[in-house]
Amino acid sequence: MEKKAIVLNVNNQDYELYINPKTLLVEAIRDYIGLTGTKRGCETVSCGACTVMVNDMAVKSCSILAIQCQGMKIITSEGLEKNGQLAAIQNAFLHEGSYQCGFCTSGMLMATSALLKETKKPSKNEIKESIEGNICRCTGYNSIVRAVEGVANGKYKEGSL
Amino acid sequence: MTTTSLAKQKLSVINTHVVNIDGIAKVTGRATYTFDVKLPGMLYGKILRSPHPHAKILKIDASKALALHGVKAVVTGKDTLGIKQGIWRRYQELCDEQILPVDKVRYIGEPVAAVAAVTEEIAEMALDLIEVDYEVLPAVYEPMDAMKKEAPTIHEGVERNINVTRHIEWGDVEKGFENADYIREDSFFCGGQAHMCMETRAAVSSFTPEGKMTIYHSNQSAYYLQALMAGVLGMREGDIRVIAQYVGGGFGGKFELDGAIFCSAILTMKLFRPVKICYTREEDFIATKRRTPMHYWVRTGVSKTGKFLAREARVVSNGGAYTGMGATALYLTGFFHSFPYKWGGYRYDGYRVYTNTLPSTSMRGFGAPQAMFCSEQQLEWIAADLGLDPIEMRRQNGHTPGYEVPGQAYIDSCGLDEAFDIMAKWIKDKGKLPENRGIGFSAAGFMSGGIFNWFDTPYSFSSAVITINEDGTVILHIGATEIGQGSNTTMAIIAAETLGCKVEDIKVHSGDTDHCPADLGAWGSRQTLMTGNAVMRACEDAKHQLLEFALAKMGLNIVYDLDIKDRWVHIVARPERGMPWEELVKIATRGKDGQRIIGRGYYTPHRKGMISPAYSYMLQGVEIEIDKETGKITLIDSLTAHDCGQPINHLGLIGQLEGAFSMAAGYGYLEYMPYEDGKLMNPNLVDYKMIRATEMPETPVAEIDTYEPEGPYGAKEAGEGLTNPTAAAIGNAIFHALGIQMKECPIRPHMIVNALKEKAEKDKTAKKGK
Ligand code: FES
Ligand code: FES
């Protein structure tokens, strides 16, 4: 298939890419733009390791073509921190120990960040549901739930560690 | 300065709130895994896999694949030295696996050829162009069938496909059964389980003209991989550098050779360009090893008051096509099946049988989850049969500090008794449960690293080097592997505590065979105790060197004891008198003619029996709800009572226990690997079910305060052992809720429905009879 030039806005920066129109968003982010924080863990859209935010919504980036995301704001885990200042959810993950191997972590951060954009005070069930599509083989999820609760109730703020 | 005197002092870093030292890298997307590695000029590799469970390879024709634009090389078994390897290096007959077999494949998914191309897509396309002629052989999938005389031979010269046998025995088993008032016999089956690391197997190998190889590989023991690769490539270990940087999970599945590392190495040696191979999720399911499926037969004799007089157990395990770590699992399941109890007589016979299925191996718990599923359910049923309190029955037979498992192991610290108190209270406080709810618990214990040296390492089990810079910053080099369990942080905590500086002063380098001293790596819960001891000793060495200068500088009476805490060097009896850490380091460096202070430490267990230097103890309680119509299980609540000695890394400990619970619960009722004619039927994350966030109950932990003399600061195993009790606890909860006995794991809905039907039938007949 003929390649196409597209512009993707990732973490508030425009990237011009010349790609096959069938390129998945996750491939564009990892292989063409070179941001490897976003992971892949399956071929069946069922692990959530590739989750990013597209226009503030959690999206599995292996389930969508890069070309469909033109003109949208894509945020990956690399885009949460601002000039060395961590986002509240990042601080919460650090202090609640919400990651171990870290391979699911980017996806978890983006899924929960999207939840917190939508709902300031999510219930425990809402938090769990927001990451139901994200597998973590290490933590057993509860520490991730605690981190989100900690952000929601103001225990964790943005800023340095 | 001895371990004990240090430990008895007030701890300032250990068991405080310490954020994981790799944390920032992981929450900002900076951490790069093997999966993310990209080297200049790198090619991409793909592996062609056998579609047959058992077949001779007659001919491989790769000419069409090689003609495809972008393909750089195709390799097969003929391009290798054909060395049969295995991790039980001491035992030639157990080294039975060629990663690219030369003449025969033994399971569906086994590598047959590998391609390197400029893109992954082209490599993938090339696979379809490789022509392989097979002579399909009769295959066998179940160990009971494979042992039959007429079964096909999977490995030449192995009679009845029996790969390994293990016998464990102590006490007088016959007398025990003779004296028993009650004897119960049960048969069980425990299935396989996929490690399902979120990072699939991945390797990037780069061979350069000076004859040196550098390999990035997602693994649990960089040293094992280095040594195993040297063996199969005919190279010197020192010419191979293995780097395990950030590793996306291991769980017992990543310390053997796999197709990714081996095939990428063979390809790069041909091409002198880096080659990267990452498995797809499907490849990870069908072609990396799995938890060992086991058939268990258990016979137990007790007195009418519930004293454990004798136990006899027999296991036949489905070894799959190769040995791997399965031989160790076969031994450990037999040992831990006795845990955590004192038996008058105990006898275990295990048989590991080759079949034409995916090889089985170690997985978190290492044979013990299977052992406990059978043991702890049978004990629960015995208590019910005899009308005994299941906690008190277990307690009177439980391990206690100072107990010796005859000829096997010495138990120093043991918090089991307190664990029973905690569990009894939790169950009592639950009161009467709503309908269809049940509570079950199970006991377990686990090792703190293995003593057996089947790998035949010439090195100390663990080593550490600590270097103190002139400004007071510290570099710690350990061969241990950080796979997410938090070992880098745990070691930084031990180093900071011992040296008297702060965690943020310390950088940890691990998992790189060129820069770190050899260490057997992350398996069998060994690093906290073994690497921890090496780190503590390296720091004591460095600290001793520092304090010599402090003593001289401060002009003290030599009877004064000096120490360092929170970067303050001081007289123990007069803590206000002292000097800052940075100042002492400056003086010492100058005093040593400008040499940096370097401390070295190592640890190899001695005089600690055959199995492990120390054992953790735990009880896991679960409350579940069962839908009688569908057989669906819902986890409602849980409690863990846990003795890991002195906790070192508090946040890490809690995370490890919660994670172990989720993996163990998944084993108990969700994670199922069905095979049909040797083919795995659910090799993807849609059909392979595991615990998701919505299925997790609360997971509170009650820590039991003990001190393990052999461990650094009193620490021992945590995080793997808790995989052991949970499946049994779920079984016991079902038993209490519905009165049915579940003898197969994972316990799936149709089994509950069927068992309920059977029970209803039985109850009906019994009523009629009356
Ligand atoms: S990679 Fe698994 S859901 Fe996208
Ligand atoms: S931290 Fe390892 S998979 Fe979530």
# chains A, B, ... in the order shown; residues from 1 in each chain; ligands from 1
$ interface_residues --of "chain B" --to "chain A" --cutoff "7 Å" --atoms "only C-alpha atoms" --output "JSON, numbers by chain"
{"B": [19, 23, 26, 27, 28, 29, 30, 36, 197, 198, 199, 247, 248, 249, 280, 281, 483, 484, 485, 486, 651, 652, 655, 656, 658, 659, 662, 685, 686, 692, 693, 694]}
$ residues_around --residues "Glu135 (chain B)" --least-positions-apart "4" --cutoff "8 Å" --atoms "only C-alpha atoms" --output "ChimeraX atom specification"
/B:55-58
$ atom_distance --atom1 "CA of Val465 (chain B)" --atom2 "CA of Leu529 (chain B)"
16.4 Å
$ residues_around --residues "region 231-238 of chain B" --least-positions-apart "3" --cutoff "6 Å" --atoms "only C-alpha atoms" --output "PDB file with all heavy atoms, in the first residue's frame"
ATOM      1  N   ILE B  83      24.548 -28.969  20.232  1.00  0.00           N
ATOM      2  CA  ILE B  83      24.765 -29.382  21.630  1.00  0.00           C
ATOM      3  C   ILE B  83      23.430 -29.477  22.363  1.00  0.00           C
ATOM      4  O   ILE B  83      22.593 -28.566  22.288  1.00  0.00           O
ATOM      5  CB  ILE B  83      25.706 -28.391  22.338  1.00  0.00           C
ATOM      6  CG1 ILE B  83      27.110 -28.526  21.743  1.00  0.00           C
ATOM      7  CG2 ILE B  83      25.721 -28.614  23.849  1.00  0.00           C
ATOM      8  CD1 ILE B  83      28.069 -27.446  22.179  1.00  0.00           C
ATOM      9  N   ALA B 227      26.370 -18.408  30.961  1.00  0.00           N
ATOM     10  CA  ALA B 227      27.039 -19.708  31.014  1.00  0.00           C
ATOM     11  C   ALA B 227      26.390 -20.706  30.043  1.00  0.00           C
ATOM     12  O   ALA B 227      27.079 -21.448  29.342  1.00  0.00           O
ATOM     13  CB  ALA B 227      26.993 -20.244  32.448  1.00  0.00           C
ATOM     14  N   LEU B 228      25.067 -20.693  29.975  1.00  0.00           N
ATOM     15  CA  LEU B 228      24.387 -21.627  29.074  1.00  0.00           C
ATOM     16  C   LEU B 228      24.690 -21.290  27.615  1.00  0.00           C
ATOM     17  O   LEU B 228      24.904 -22.177  26.780  1.00  0.00           O
ATOM     18  CB  LEU B 228      22.868 -21.595  29.315  1.00  0.00           C
ATOM     19  CG  LEU B 228      22.404 -22.196  30.653  1.00  0.00           C
ATOM     20  CD1 LEU B 228      20.919 -21.896  30.873  1.00  0.00           C
ATOM     21  CD2 LEU B 228      22.647 -23.693  30.709  1.00  0.00           C
TER      22      LEU B 228
END
$ closest_residue --among "A:Lys117, A:Ala66, A:Gly48, A:Leu17" --to "ligand 2" --atoms "only C-alpha atoms and all ligand atoms"
A:Gly48
$ select_by_dssp --residues "region 149-285 of chain B" --states "helix (DSSP H, G or I)" --output "count of residues only"
43
$ select_by_dssp --residues "region 312-524 of chain B" --states "strand (DSSP E)" --output "PyMOL selection string"
chain B and resi 312-320+345-354+360-361+404-405+409-410+437-447+462-468+474-478+506-510
$ closest_residue --among "B:Arg526, B:Lys632, B:Arg106, B:Lys759" --to "Gly721 (chain B)" --atoms "only C-alpha atoms"
B:Arg526
$ residues_around --residues "Asp96 (chain B)" --least-positions-apart "3" --cutoff "9 Å" --atoms "only C-alpha atoms" --output "list of chain:residue names"
B:Ile83, B:Lys84, B:Gln85, B:Gly86, B:Gln92, B:Glu93, B:His155, B:Tyr322, B:Thr323, B:Gly324
$ residues_around --residues "Gln408 (chain B)" --least-positions-apart "4" --cutoff "12 Å" --atoms "only C-alpha atoms" --output "list in words"
Ile168, Glu169, Trp170, Gly171, Leu332, Gly334, Phe335, Phe336, Ser338, Tyr346, Tyr403, Glu404, Ile451, Phe452, Arg607, Lys608, Gly609, Met610, Ile611, Ser612, Pro613 and Ala614 of chain B
$ closest_residue --among "B:Ser360, B:Asn682, B:Thr200, B:Asn533" --to "ligand 1" --atoms "only C-alpha atoms and all ligand atoms"
B:Thr200
$ residues_around --residues "region 318-320 of chain B" --least-positions-apart "6" --cutoff "10 Å" --atoms "only C-alpha atoms" --output "PyMOL selection string"
chain B and resi 106-107+140-144+146+154+161-164+191-192+289-295+326-327+330+351-361+678
